[in-house]
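*Asks:* The file below is coords-v3.pdb, PDB, C-alpha atoms:
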MODEL        1
ATOM      1  CA  MET A   1     -21.156  -7.511   1.948
ATOM      2  CA  THR A   2     -19.300  -4.302   1.102
ATOM      3  CA  LEU A   3     -17.603  -2.146   3.696
ATOM      4  CA  ALA A   4     -20.135   0.589   3.021
ATOM      5  CA  ALA A   5     -22.845  -1.668   4.357
ATOM      6  CA  LEU A   6     -21.138  -1.924   7.727
ATOM      7  CA  GLN A   7     -21.154   0.609  10.495
ATOM      8  CA  ASP A   8     -18.111   2.865  10.097
ATOM      9  CA  ASN A   9     -16.999   2.543  13.685
ATOM     10  CA  GLU A  10     -16.972  -1.253  13.643
ATOM     11  CA  ILE A  11     -13.973  -1.425  11.335
ATOM     12  CA  PRO A  12     -10.447  -0.590  12.562
ATOM     13  CA  ASP A  13      -8.454   1.938  10.526
ATOM     14  CA  GLY A  14      -5.842  -0.698   9.647
ATOM     15  CA  ALA A  15      -8.457  -3.055   8.192
ATOM     16  CA  LEU A  16      -9.913  -0.207   6.136
ATOM     17  CA  LEU A  17      -6.470   0.631   4.808
ATOM     18  CA  VAL A  18      -5.905  -2.971   3.720
ATOM     19  CA  ALA A  19      -9.340  -2.999   2.081
ATOM     20  CA  TYR A  20      -8.442   0.198   0.215
ATOM     21  CA  ALA A  21      -5.183  -1.411  -0.951
ATOM     22  CA  ASN A  22      -7.302  -4.241  -2.349
ATOM     23  CA  GLY A  23      -9.335  -1.792  -4.399
ATOM     24  CA  ASP A  24     -12.239  -0.835  -2.116
ATOM     25  CA  GLN A  25     -12.847   2.890  -2.609
ATOM     26  CA  ASP A  26     -15.567   2.854   0.065
ATOM     27  CA  ALA A  27     -12.826   2.055   2.558
ATOM     28  CA  ALA A  28     -10.915   5.155   1.408
ATOM     29  CA  ARG A  29     -14.056   7.243   1.855
ATOM     30  CA  ILE A  30     -14.573   6.056   5.442
ATOM     31  CA  LEU A  31     -10.880   6.504   6.287
ATOM     32  CA  ALA A  32     -10.794   9.993   4.819
ATOM     33  CA  ALA A  33     -13.888  10.991   6.797
ATOM     34  CA  ARG A  34     -12.233   9.759   9.984
ATOM     35  CA  LEU A  35      -8.677  10.942   9.490
ATOM     36  CA  ALA A  36      -8.740  14.081   7.358
ATOM     37  CA  PRO A  37     -10.536  16.315   9.923
ATOM     38  CA  ARG A  38      -8.094  15.273  12.649
ATOM     39  CA  SER A  39      -5.024  15.842  10.509
ATOM     40  CA  LEU A  40      -6.411  19.157   9.245
ATOM     41  CA  SER A  41      -7.053  20.418  12.798
ATOM     42  CA  GLN A  42      -3.575  19.359  13.889
ATOM     43  CA  ALA A  43      -1.985  21.151  10.947
ATOM     44  CA  TYR A  44      -4.142  24.245  11.388
ATOM     45  CA  ARG A  45      -3.247  24.621  15.070
ATOM     46  CA  MET A  46       0.425  24.427  14.217
ATOM     47  CA  LEU A  47       0.375  26.542  11.049
ATOM     48  CA  GLY A  48      -2.629  28.841  11.521
ATOM     49  CA  ASP A  49      -3.308  28.908   7.794
ATOM     50  CA  GLN A  50      -6.202  27.095   6.123
ATOM     51  CA  ALA A  51      -4.535  26.593   2.733
ATOM     52  CA  GLU A  52      -1.264  25.383   4.229
ATOM     53  CA  ALA A  53      -3.092  23.049   6.614
ATOM     54  CA  GLU A  54      -5.053  21.567   3.701
ATOM     55  CA  ASP A  55      -1.834  21.051   1.724
ATOM     56  CA  VAL A  56      -0.238  19.248   4.665
ATOM     57  CA  THR A  57      -3.243  16.979   5.222
ATOM     58  CA  GLN A  58      -3.519  16.194   1.527
ATOM     59  CA  GLU A  59       0.190  15.308   1.372
ATOM     60  CA  ALA A  60      -0.029  13.187   4.543
ATOM     61  CA  LEU A  61      -2.978  11.231   3.173
ATOM     62  CA  ILE A  62      -1.320  10.708  -0.225
ATOM     63  CA  ARG A  63       1.570   9.125   1.666
ATOM     64  CA  LEU A  64      -0.938   6.958   3.516
ATOM     65  CA  TRP A  65      -2.579   5.799   0.271
ATOM     66  CA  ARG A  66       0.857   4.971  -1.154
ATOM     67  CA  ILE A  67       1.989   2.817   1.766
ATOM     68  CA  ALA A  68      -1.374   1.010   2.048
ATOM     69  CA  PRO A  69      -0.197  -2.187   0.254
ATOM     70  CA  GLU A  70       2.683  -2.600   2.736
ATOM     71  CA  TRP A  71       0.640  -1.751   5.832
ATOM     72  CA  ARG A  72       0.927  -4.277   8.671
ATOM     73  CA  GLN A  73      -2.123  -4.052  10.871
ATOM     74  CA  ASP A  74      -0.462  -5.588  13.905
ATOM     75  CA  GLU A  75       2.542  -3.245  13.960
ATOM     76  CA  ALA A  76       1.183   0.281  14.016
ATOM     77  CA  GLN A  77      -1.959   2.348  14.359
ATOM     78  CA  VAL A  78      -2.957   4.427  11.375
ATOM     79  CA  SER A  79      -3.894   7.414  13.569
ATOM     80  CA  THR A  80      -0.482   7.358  15.289
ATOM     81  CA  TRP A  81       1.286   7.180  11.934
ATOM     82  CA  LEU A  82      -0.780  10.083  10.604
ATOM     83  CA  TYR A  83      -0.086  12.259  13.660
ATOM     84  CA  ARG A  84       3.635  11.655  13.079
ATOM     85  CA  VAL A  85       3.577  12.459   9.372
ATOM     86  CA  THR A  86       1.388  15.544   9.844
ATOM     87  CA  SER A  87       3.626  16.781  12.639
ATOM     88  CA  ASN A  88       6.762  16.293  10.536
ATOM     89  CA  LEU A  89       5.262  18.078   7.543
ATOM     90  CA  CYS A  90       4.169  20.979   9.771
ATOM     91  CA  THR A  91       7.572  21.423  11.400
ATOM     92  CA  ASP A  92       9.160  21.386   7.933
ATOM     93  CA  ARG A  93       6.898  24.268   6.941
ATOM     94  CA  LEU A  94       7.522  26.131  10.191
ATOM     95  CA  ARG A  95      11.260  25.907   9.591
ATOM     96  CA  LYS A  96      10.844  27.315   6.094
ATOM     97  CA  ARG A  97       8.820  30.171   7.578
ATOM     98  CA  LYS A  98      11.576  30.766  10.105
ATOM     99  CA  ARG A  99      13.975  31.328   7.222
ATOM    100  CA  ASN A 100      11.596  33.429   5.152
ATOM    101  CA  VAL A 101       9.659  35.521   7.655
ATOM    102  CA  GLY A 102      11.133  37.614  10.435
ATOM    103  CA  ILE A 103       9.280  37.813  13.706
ATOM    104  CA  ASP A 104       9.004  41.587  13.366
ATOM    105  CA  THR A 105       6.951  41.353  10.165
ATOM    106  CA  ILE A 106       3.756  40.364  12.003
ATOM    107  CA  ALA A 107       1.038  42.982  11.795
ATOM    108  CA  GLU A 108       0.276  44.923  14.922
ATOM    109  CA  PRO A 109      -3.316  44.687  16.183
ATOM    110  CA  GLU A 110      -5.396  47.641  15.094
ATOM    111  CA  SER A 111      -7.397  49.752  17.495
ATOM    112  CA  GLY A 112     -11.184  49.346  17.503
ATOM    113  CA  ALA A 113     -14.170  48.296  19.581
ATOM    114  CA  PRO A 114     -13.402  46.049  22.571
ATOM    115  CA  SER A 115     -14.749  42.889  20.945
ATOM    116  CA  VAL A 116     -12.749  43.518  17.786
ATOM    117  CA  ALA A 117      -9.698  44.265  19.907
ATOM    118  CA  GLU A 118     -10.145  40.979  21.732
ATOM    119  CA  GLN A 119     -10.386  39.107  18.454
ATOM    120  CA  MET A 120      -7.279  40.835  17.201
ATOM    121  CA  GLN A 121      -5.446  39.974  20.385
ATOM    122  CA  GLU A 122      -6.481  36.340  20.069
ATOM    123  CA  ARG A 123      -5.168  36.266  16.514
ATOM    124  CA  THR A 124      -1.975  37.967  17.581
ATOM    125  CA  ARG A 125      -1.444  35.402  20.321
ATOM    126  CA  ILE A 126      -1.976  32.515  17.901
ATOM    127  CA  GLN A 127       0.394  33.980  15.345
ATOM    128  CA  ALA A 128       2.985  34.747  17.989
ATOM    129  CA  LEU A 129       2.782  31.145  19.188
ATOM    130  CA  GLN A 130       3.255  29.785  15.663
ATOM    131  CA  ASP A 131       6.246  32.048  15.088
ATOM    132  CA  ALA A 132       7.727  30.994  18.402
ATOM    133  CA  LEU A 133       7.190  27.306  17.561
ATOM    134  CA  ALA A 134       9.084  27.923  14.322
ATOM    135  CA  GLN A 135      12.095  28.998  16.365
ATOM    136  CA  LEU A 136      12.182  25.881  18.541
ATOM    137  CA  PRO A 137      14.222  22.791  17.695
ATOM    138  CA  GLU A 138      12.031  20.486  15.585
ATOM    139  CA  ARG A 139      11.520  17.776  18.209
ATOM    140  CA  GLN A 140      10.625  20.298  20.921
ATOM    141  CA  ALA A 141       8.097  21.969  18.632
ATOM    142  CA  GLN A 142       6.528  18.601  17.828
ATOM    143  CA  ALA A 143       6.289  17.509  21.456
ATOM    144  CA  VAL A 144       4.870  20.847  22.633
ATOM    145  CA  SER A 145       2.267  21.036  19.879
ATOM    146  CA  LEU A 146       1.139  17.430  20.336
ATOM    147  CA  ARG A 147       0.826  17.978  24.101
ATOM    148  CA  HIS A 148      -0.587  21.487  24.327
ATOM    149  CA  LEU A 149      -2.344  22.028  20.988
ATOM    150  CA  ASP A 150      -3.649  18.540  20.229
ATOM    151  CA  GLY A 151      -4.161  17.564  23.886
ATOM    152  CA  LEU A 152      -2.447  14.172  23.664
ATOM    153  CA  ASN A 153      -0.972  12.533  26.746
ATOM    154  CA  ASN A 154       2.701  11.711  27.140
ATOM    155  CA  PRO A 155       2.477   7.958  26.335
ATOM    156  CA  GLU A 156       0.592   8.787  23.118
ATOM    157  CA  ILE A 157       3.206  11.375  22.167
ATOM    158  CA  ALA A 158       5.979   8.898  22.990
ATOM    159  CA  GLU A 159       4.454   6.401  20.549
ATOM    160  CA  ILE A 160       4.013   9.013  17.821
ATOM    161  CA  MET A 161       7.559  10.346  18.188
ATOM    162  CA  GLU A 162       9.025   6.884  18.817
ATOM    163  CA  ILE A 163      10.789   7.957  22.018
ATOM    164  CA  SER A 164      10.383   7.236  25.738
ATOM    165  CA  VAL A 165       7.831   8.974  27.964
ATOM    166  CA  GLU A 166      10.709  10.524  29.910
ATOM    167  CA  ALA A 167      12.113  11.977  26.718
ATOM    168  CA  VAL A 168       8.689  13.451  25.921
ATOM    169  CA  GLU A 169       8.536  15.065  29.365
ATOM    170  CA  SER A 170      11.986  16.530  28.873
ATOM    171  CA  LEU A 171      11.193  17.837  25.373
ATOM    172  CA  THR A 172       7.899  19.456  26.419
ATOM    173  CA  ALA A 173       9.436  21.057  29.514
ATOM    174  CA  ARG A 174      12.359  22.496  27.549
ATOM    175  CA  GLY A 175      10.049  23.510  24.731
ATOM    176  CA  LYS A 176       7.702  25.383  27.066
ATOM    177  CA  ARG A 177      10.593  27.205  28.709
ATOM    178  CA  ALA A 178      11.955  28.210  25.323
ATOM    179  CA  LEU A 179       8.514  29.371  24.157
ATOM    180  CA  ALA A 180       8.071  31.449  27.312
ATOM    181  CA  ALA A 181      11.449  33.062  26.744
ATOM    182  CA  ILE A 182      10.677  33.853  23.098
ATOM    183  CA  LEU A 183       7.200  35.222  23.836
ATOM    184  CA  ALA A 184       8.412  37.266  26.812
ATOM    185  CA  GLY A 185       9.678  39.903  24.414
ATOM    186  CA  ARG A 186       6.143  40.368  23.090
ATOM    187  CA  LYS A 187       4.371  40.290  26.444
ATOM    188  CA  ALA A 188       2.763  43.713  26.095
ATOM    189  CA  GLU A 189       1.612  42.998  22.543
ATOM    190  CA  LEU A 190       0.011  39.770  23.731
ATOM    191  CA  GLY A 191      -1.900  41.569  26.490
ATOM    192  CA  TYR A 192       0.035  40.409  29.544
ATOM    193  CA  GLU A 193       1.811  43.622  30.470
ATOM    194  CA  ASN A 194      -0.359  44.406  33.513
ATOM    195  CA  ASP A 195      -0.313  40.908  35.005
ATOM    196  CA  GLN A 196       1.187  40.361  38.472
TER
ATOM    197  CA  MET B   1      18.025  40.513  38.197
ATOM    198  CA  LYS B   2      15.116  38.541  39.560
ATOM    199  CA  MET B   3      12.855  41.571  39.377
ATOM    200  CA  THR B   4      13.624  41.896  35.675
ATOM    201  CA  ASN B   5      12.716  38.240  35.060
ATOM    202  CA  ASP B   6       9.450  38.551  36.990
ATOM    203  CA  LYS B   7       8.497  41.579  34.984
ATOM    204  CA  HIS B   8       9.219  40.236  31.507
ATOM    205  CA  ASP B   9       8.874  36.419  31.613
ATOM    206  CA  MET B  10       5.749  34.639  30.490
ATOM    207  CA  ASN B  11       4.378  32.525  33.347
ATOM    208  CA  ASP B  12       2.600  29.177  32.902
ATOM    209  CA  PHE B  13      -0.803  30.823  33.057
ATOM    210  CA  ASP B  14       0.069  33.228  30.222
ATOM    211  CA  LEU B  15       1.446  30.404  28.126
ATOM    212  CA  ASP B  16      -1.618  28.234  28.761
ATOM    213  CA  GLU B  17      -3.812  31.093  27.566
ATOM    214  CA  VAL B  18      -1.825  31.298  24.349
ATOM    215  CA  PHE B  19      -2.183  27.524  23.854
ATOM    216  CA  ALA B  20      -5.917  27.779  24.543
ATOM    217  CA  ALA B  21      -6.280  30.501  21.913
ATOM    218  CA  ALA B  22      -4.606  28.210  19.356
ATOM    219  CA  ARG B  23      -6.852  25.286  20.360
ATOM    220  CA  ARG B  24      -9.977  27.404  19.854
ATOM    221  CA  ALA B  25      -9.033  28.085  16.239
ATOM    222  CA  GLU B  26     -10.687  25.498  14.007
ATOM    223  CA  PRO B  27     -10.180  25.027  10.266
ATOM    224  CA  VAL B  28     -13.004  24.790   7.740
ATOM    225  CA  LEU B  29     -13.601  21.278   6.440
ATOM    226  CA  SER B  30     -14.991  21.853   2.952
ATOM    227  CA  ASP B  31     -16.602  19.345   0.583
ATOM    228  CA  ASP B  32     -14.133  20.416  -2.085
ATOM    229  CA  PHE B  33     -11.201  19.499   0.161
ATOM    230  CA  MET B  34     -12.691  16.070   0.952
ATOM    231  CA  ALA B  35     -13.285  15.516  -2.770
ATOM    232  CA  ARG B  36      -9.597  16.230  -3.444
ATOM    233  CA  ILE B  37      -8.590  13.701  -0.778
ATOM    234  CA  LEU B  38     -10.774  10.999  -2.361
ATOM    235  CA  ALA B  39      -9.535  11.868  -5.860
ATOM    236  CA  ASP B  40      -5.971  11.331  -4.588
ATOM    237  CA  ALA B  41      -6.965   7.936  -3.174
ATOM    238  CA  ALA B  42      -8.437   6.898  -6.539
ATOM    239  CA  MET B  43      -5.394   8.227  -8.445
ATOM    240  CA  VAL B  44      -2.891   6.359  -6.250
ATOM    241  CA  HIS B  45      -4.896   3.162  -6.634
ATOM    242  CA  GLU B  46      -4.999   3.540 -10.426
ATOM    243  CA  GLU B  47      -1.253   4.195 -10.559
ATOM    244  CA  ARG B  48      -0.652   0.975  -8.683
ATOM    245  CA  SER B  49      -3.062  -1.029 -10.834
ATOM    246  CA  ALA B  50      -1.647   0.140 -14.190
ATOM    247  CA  PRO B  51       0.755  -2.336 -15.885
ATOM    248  CA  THR B  52       4.337  -1.153 -16.246
ATOM    249  CA  VAL B  53       6.975  -1.908 -18.917
ATOM    250  CA  PRO B  54       9.538  -3.439 -16.541
ATOM    251  CA  THR B  55       6.969  -5.993 -15.385
ATOM    252  CA  SER B  56       6.364  -7.282 -18.946
ATOM    253  CA  VAL B  57      10.112  -7.628 -19.566
ATOM    254  CA  GLU B  58      10.574  -9.573 -16.353
ATOM    255  CA  THR B  59       7.796 -12.000 -17.180
ATOM    256  CA  GLY B  60       8.879 -12.431 -20.847
ATOM    257  CA  GLY B  61      11.966 -14.482 -20.061
ATOM    258  CA  PHE B  62      15.231 -14.733 -22.024
ATOM    259  CA  LEU B  63      13.855 -14.119 -25.540
ATOM    260  CA  THR B  64      12.065 -10.951 -24.476
ATOM    261  CA  MET B  65      15.229  -9.733 -22.787
ATOM    262  CA  LEU B  66      17.305 -10.536 -25.915
ATOM    263  CA  TRP B  67      14.745  -8.796 -28.148
ATOM    264  CA  SER B  68      14.994  -5.758 -25.894
ATOM    265  CA  MET B  69      18.827  -5.841 -25.948
ATOM    266  CA  LEU B  70      18.887  -5.941 -29.762
ATOM    267  CA  GLY B  71      16.801  -2.824 -29.926
ATOM    268  CA  GLY B  72      13.359  -4.228 -30.654
ATOM    269  CA  TRP B  73      11.937  -4.076 -34.210
ATOM    270  CA  ALA B  74      14.233  -1.240 -35.342
ATOM    271  CA  GLY B  75      17.469  -2.843 -34.162
ATOM    272  CA  THR B  76      16.622  -6.346 -35.344
ATOM    273  CA  GLY B  77      15.444  -5.072 -38.788
ATOM    274  CA  GLY B  78      18.810  -3.378 -39.380
ATOM    275  CA  LEU B  79      20.644  -6.510 -38.329
ATOM    276  CA  ALA B  80      18.625  -8.662 -40.766
ATOM    277  CA  ALA B  81      19.241  -6.223 -43.669
ATOM    278  CA  ALA B  82      23.003  -6.291 -43.027
ATOM    279  CA  ALA B  83      23.010 -10.108 -42.979
ATOM    280  CA  VAL B  84      21.144 -10.360 -46.310
ATOM    281  CA  ALA B  85      23.477  -7.808 -47.953
ATOM    282  CA  GLY B  86      26.545  -9.750 -46.777
ATOM    283  CA  LEU B  87      25.168 -13.001 -48.159
ATOM    284  CA  TRP B  88      24.407 -11.408 -51.560
ATOM    285  CA  ILE B  89      27.884  -9.872 -51.875
ATOM    286  CA  GLY B  90      29.388 -13.279 -51.126
ATOM    287  CA  ILE B  91      27.345 -15.031 -53.828
ATOM    288  CA  ALA B  92      27.535 -12.407 -56.596
ATOM    289  CA  PRO B  93      30.209  -9.788 -55.942
ATOM    290  CA  PRO B  94      29.777  -6.663 -58.086
ATOM    291  CA  ASP B  95      32.539  -5.700 -60.635
ATOM    292  CA  ALA B  96      33.554  -2.655 -58.668
ATOM    293  CA  LEU B  97      34.267  -4.911 -55.731
ATOM    294  CA  SER B  98      36.677  -7.114 -57.772
ATOM    295  CA  VAL B  99      38.791  -4.031 -58.638
ATOM    296  CA  ILE B 100      39.062  -3.210 -54.959
ATOM    297  CA  ASP B 101      39.788  -6.844 -54.236
ATOM    298  CA  GLU B 102      42.684  -6.860 -56.707
ATOM    299  CA  ALA B 103      44.060  -3.603 -55.371
ATOM    300  CA  ILE B 104      44.215  -5.042 -51.908
ATOM    301  CA  TRP B 105      45.149  -8.667 -52.515
ATOM    302  CA  GLY B 106      46.778  -8.432 -55.947
ATOM    303  CA  THR B 107      46.177 -10.685 -58.999
ATOM    304  CA  SER B 108      46.546 -14.436 -58.569
ATOM    305  CA  VAL B 109      49.160 -16.146 -60.844
ATOM    306  CA  ASP B 110      49.607 -19.919 -61.454
ATOM    307  CA  LEU B 111      53.237 -21.133 -61.235
ATOM    308  CA  SER B 112      54.667 -24.562 -61.972
ATOM    309  CA  VAL B 113      58.164 -25.874 -61.138
ATOM    310  CA  PHE B 114      57.829 -28.738 -63.630
ATOM    311  CA  THR B 115      58.022 -28.628 -67.415
ATOM    312  CA  SER B 116      54.928 -29.635 -69.239
ATOM    313  CA  GLY B 117      54.782 -33.378 -69.851
ATOM    314  CA  ASP B 118      57.077 -34.179 -66.935
ATOM    315  CA  ILE B 119      54.565 -34.424 -64.292
ATOM    316  CA  LEU B 120      56.742 -36.796 -62.255
ATOM    317  CA  GLY B 121      59.805 -34.476 -62.381
ATOM    318  CA  VAL B 122      62.185 -37.223 -63.539
ATOM    319  CA  GLU B 123      63.939 -35.133 -66.128
ATOM    320  CA  GLY B 124      65.644 -32.886 -63.543
TER
ENDMDL
END
Starting from the file, lay out its structure as structure tokens.

*Replies:*
Amino acid sequence: MTLAALQDNEIPDGALLVAYANGDQDAARILAARLAPRSLSQAYRMLGDQAEAEDVTQEALIRLWRIAPEWRQDEAQVSTWLYRVTSNLCTDRLRKRKRNVGIDTIAEPESGAPSVAEQMQERTRIQALQDALAQLPERQAQAVSLRHLDGLNNPEIAEIMEISVEAVESLTARGKRALAAILAGRKAELGYENDQ
Amino acid sequence: MKMTNDKHDMNDFDLDEVFAAARRAEPVLSDDFMARILADAAMVHEERSAPTVPTSVETGGFLTMLWSMLGGWAGTGGLAAAAVAGLWIGIAPPDALSVIDEAIWGTSVDLSVFTSGDILGVEG
């Protein structure tokens, strides 16, 4: 019986990866269908750019295909590994952006109908967040994005980042404070001037 | 000082709204992108399956290693030609070579300390 004949959800990711390493391309197809959308969403939330997010996911999965022969099913979860690699690749790109793009180069929202203005404001907020993440220390940016953009809980983040839960709490708290401080300078632009 | 902070700082609610905006943004998952992912998987598998030169050397043992050290067909062919040429020169040296030989080593001369017929040297 081939893997394609089985229900996708019955097979753990690790077993599929081992099957791929043994030459089963159906296993790669099932794994890609499971993992690529998740990695792409993670990268897109951090980078806000479709092409860059696709590049990151493609690179992360190439790394996965390459390590498949050495994969030990009992030692790690494929999804955890992929979160880690995607996160690292994204923070690398954010740091390059930090060097290449100044925060003042972001386009101002244009005036228009209320619905268009709201859309522009949403885009401005997302871009401002990504620029602010680029200014954080790498580990803080990773912890904050995994917690607040990907919605993972602290034990999951601890496993992905290979640190303690307490360290995750500390990183996310410091990261949020730093983000708030960075974004405070753009409060009016982000539509929060009249709050409080 | 506190008034300034209250006025300009982002509070948790503001920050959560910014996070929520980022979470609402979803990428497009295209068929073309998925095809690229699967093409990568096939390529990596093929790379791993293809035989490599170092593997054949390792499995060939000492003779294969020696063959490789001597330079394969090109190196060993040159070595064989030099050996044959050396053997031929030893058996039938050309005339030009004997001139050089004399120039270097000189001409050989036979000397005898005995007169002819006195092979025992009794005549003093």

*Asks:* Record the distance separating CA of Leu133 (chain A) and CA of Gln58 (chain A), expressed in Å with one decimal.

*Replies:*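 A separation of 22.3 Å between them.
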
*Asks:* Which chain B residues have any atom within 12 Å of an atom of chain A, and for each, what is the nearest pair of atoms with distance in Å to one decimal, counting only C-alpha atoms, rows sorted by chain and number, as JSON lines?

*Replies:*
{"residue": "B:Met3", "atom": "CA", "partner": "A:Gln196", "partner_atom": "CA", "distance": 11.8}
{"residue": "B:Thr4", "atom": "CA", "partner": "A:Ala184", "partner_atom": "CA", "distance": 11.3}
{"residue": "B:Asn5", "atom": "CA", "partner": "A:Ala184", "partner_atom": "CA", "distance": 9.4}
{"residue": "B:Asp6", "atom": "CA", "partner": "A:Gln196", "partner_atom": "CA", "distance": 8.6}
{"residue": "B:Lys7", "atom": "CA", "partner": "A:Gln196", "partner_atom": "CA", "distance": 8.2}
{"residue": "B:His8", "atom": "CA", "partner": "A:Ala184", "partner_atom": "CA", "distance": 5.6}
{"residue": "B:Asp9", "atom": "CA", "partner": "A:Ala184", "partner_atom": "CA", "distance": 4.9}
{"residue": "B:Met10", "atom": "CA", "partner": "A:Ala180", "partner_atom": "CA", "distance": 5.1}
{"residue": "B:Asn11", "atom": "CA", "partner": "A:Ala180", "partner_atom": "CA", "distance": 7.2}
{"residue": "B:Asp12", "atom": "CA", "partner": "A:Ala180", "partner_atom": "CA", "distance": 8.1}
{"residue": "B:Phe13", "atom": "CA", "partner": "A:Tyr192", "partner_atom": "CA", "distance": 10.2}
{"residue": "B:Asp14", "atom": "CA", "partner": "A:Tyr192", "partner_atom": "CA", "distance": 7.2}
{"residue": "B:Leu15", "atom": "CA", "partner": "A:Ala180", "partner_atom": "CA", "distance": 6.8}
{"residue": "B:Asp16", "atom": "CA", "partner": "A:His148", "partner_atom": "CA", "distance": 8.1}
{"residue": "B:Glu17", "atom": "CA", "partner": "A:Arg125", "partner_atom": "CA", "distance": 8.8}
{"residue": "B:Val18", "atom": "CA", "partner": "A:Arg125", "partner_atom": "CA", "distance": 5.8}
{"residue": "B:Phe19", "atom": "CA", "partner": "A:Leu149", "partner_atom": "CA", "distance": 6.2}
{"residue": "B:Ala20", "atom": "CA", "partner": "A:Leu149", "partner_atom": "CA", "distance": 7.6}
{"residue": "B:Ala21", "atom": "CA", "partner": "A:Glu122", "partner_atom": "CA", "distance": 6.1}
{"residue": "B:Ala22", "atom": "CA", "partner": "A:Ile126", "partner_atom": "CA", "distance": 5.3}
{"residue": "B:Arg23", "atom": "CA", "partner": "A:Leu149", "partner_atom": "CA", "distance": 5.6}
{"residue": "B:Arg24", "atom": "CA", "partner": "A:Arg45", "partner_atom": "CA", "distance": 8.7}
{"residue": "B:Ala25", "atom": "CA", "partner": "A:Arg45", "partner_atom": "CA", "distance": 6.8}
{"residue": "B:Glu26", "atom": "CA", "partner": "A:Ser41", "partner_atom": "CA", "distance": 6.4}
{"residue": "B:Pro27", "atom": "CA", "partner": "A:Gln50", "partner_atom": "CA", "distance": 6.1}
{"residue": "B:Val28", "atom": "CA", "partner": "A:Gln50", "partner_atom": "CA", "distance": 7.4}
{"residue": "B:Leu29", "atom": "CA", "partner": "A:Pro37", "partner_atom": "CA", "distance": 6.8}
{"residue": "B:Ser30", "atom": "CA", "partner": "A:Pro37", "partner_atom": "CA", "distance": 10.0}
{"residue": "B:Asp31", "atom": "CA", "partner": "A:Ala33", "partner_atom": "CA", "distance": 10.8}
{"residue": "B:Asp32", "atom": "CA", "partner": "A:Glu54", "partner_atom": "CA", "distance": 10.8}
{"residue": "B:Phe33", "atom": "CA", "partner": "A:Glu54", "partner_atom": "CA", "distance": 7.4}
{"residue": "B:Met34", "atom": "CA", "partner": "A:Ala32", "partner_atom": "CA", "distance": 7.4}
{"residue": "B:Ala35", "atom": "CA", "partner": "A:Arg29", "partner_atom": "CA", "distance": 9.5}
{"residue": "B:Arg36", "atom": "CA", "partner": "A:Gln58", "partner_atom": "CA", "distance": 7.9}
{"residue": "B:Ile37", "atom": "CA", "partner": "A:Gln58", "partner_atom": "CA", "distance": 6.1}
{"residue": "B:Leu38", "atom": "CA", "partner": "A:Arg29", "partner_atom": "CA", "distance": 6.5}
{"residue": "B:Ala39", "atom": "CA", "partner": "A:Ala28", "partner_atom": "CA", "distance": 10.0}
{"residue": "B:Asp40", "atom": "CA", "partner": "A:Ile62", "partner_atom": "CA", "distance": 6.4}
{"residue": "B:Ala41", "atom": "CA", "partner": "A:Trp65", "partner_atom": "CA", "distance": 6.0}
{"residue": "B:Ala42", "atom": "CA", "partner": "A:Gln25", "partner_atom": "CA", "distance": 7.1}
{"residue": "B:Met43", "atom": "CA", "partner": "A:Trp65", "partner_atom": "CA", "distance": 9.5}
{"residue": "B:Val44", "atom": "CA", "partner": "A:Arg66", "partner_atom": "CA", "distance": 6.5}
{"residue": "B:His45", "atom": "CA", "partner": "A:Gly23", "partner_atom": "CA", "distance": 7.0}
{"residue": "B:Glu46", "atom": "CA", "partner": "A:Gly23", "partner_atom": "CA", "distance": 9.1}
{"residue": "B:Glu47", "atom": "CA", "partner": "A:Arg66", "partner_atom": "CA", "distance": 9.7}
{"residue": "B:Arg48", "atom": "CA", "partner": "A:Arg66", "partner_atom": "CA", "distance": 8.7}
{"residue": "B:Ser49", "atom": "CA", "partner": "A:Gly23", "partner_atom": "CA", "distance": 9.0}

*Asks:* Work out how far apart CA of Glu75 (chain A) and CA of Arg93 (chain A) are and give it in Å to one decimal.

*Replies:*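 The value is 28.7 Å.
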
*Asks:* Kindly list the centre and edge lengths in Å, rounded to one decimal, for the axis-aligned box that covers all listed atoms of region 76-89 of chain B plus 8 Å on each of its six sides, as lines of an AutoDock Vina configuration file.

*Replies:*
center_x = 21.7
center_y = -8.2
center_z = -43.6
size_x = 28.4
size_y = 25.6
size_z = 32.5

*Asks:* What's the separation between CA of Tyr83 (chain A) and CA of Ser39 (chain A), in Å to one decimal place?

*Replies:*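 Value for the CA of Tyr83 (chain A)-CA of Ser39 (chain A) distance: 6.9 Å.
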
*Asks:* What would the selection look like, as number ranges by chain, if the PyMOL selection byres ((chain A and resi 141) around 10) were run on the coordinates I just shared?

*Replies:* A: 46, 87-88, 90-91, 94, 130, 132-140, 142-147, 171-172, 174-176, 178-179

*Asks:* Counting only C-alpha atoms, figure out which residue out of A:Asp131, A:Val56, A:Glu156, A:Pro12 gets nearest to Arg97 (chain A).

*Replies:*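 Checking each of A:Asp131, A:Val56, A:Glu156, A:Pro12 against Arg97 (chain A), counting only C-alpha atoms, the winner is A:Asp131.
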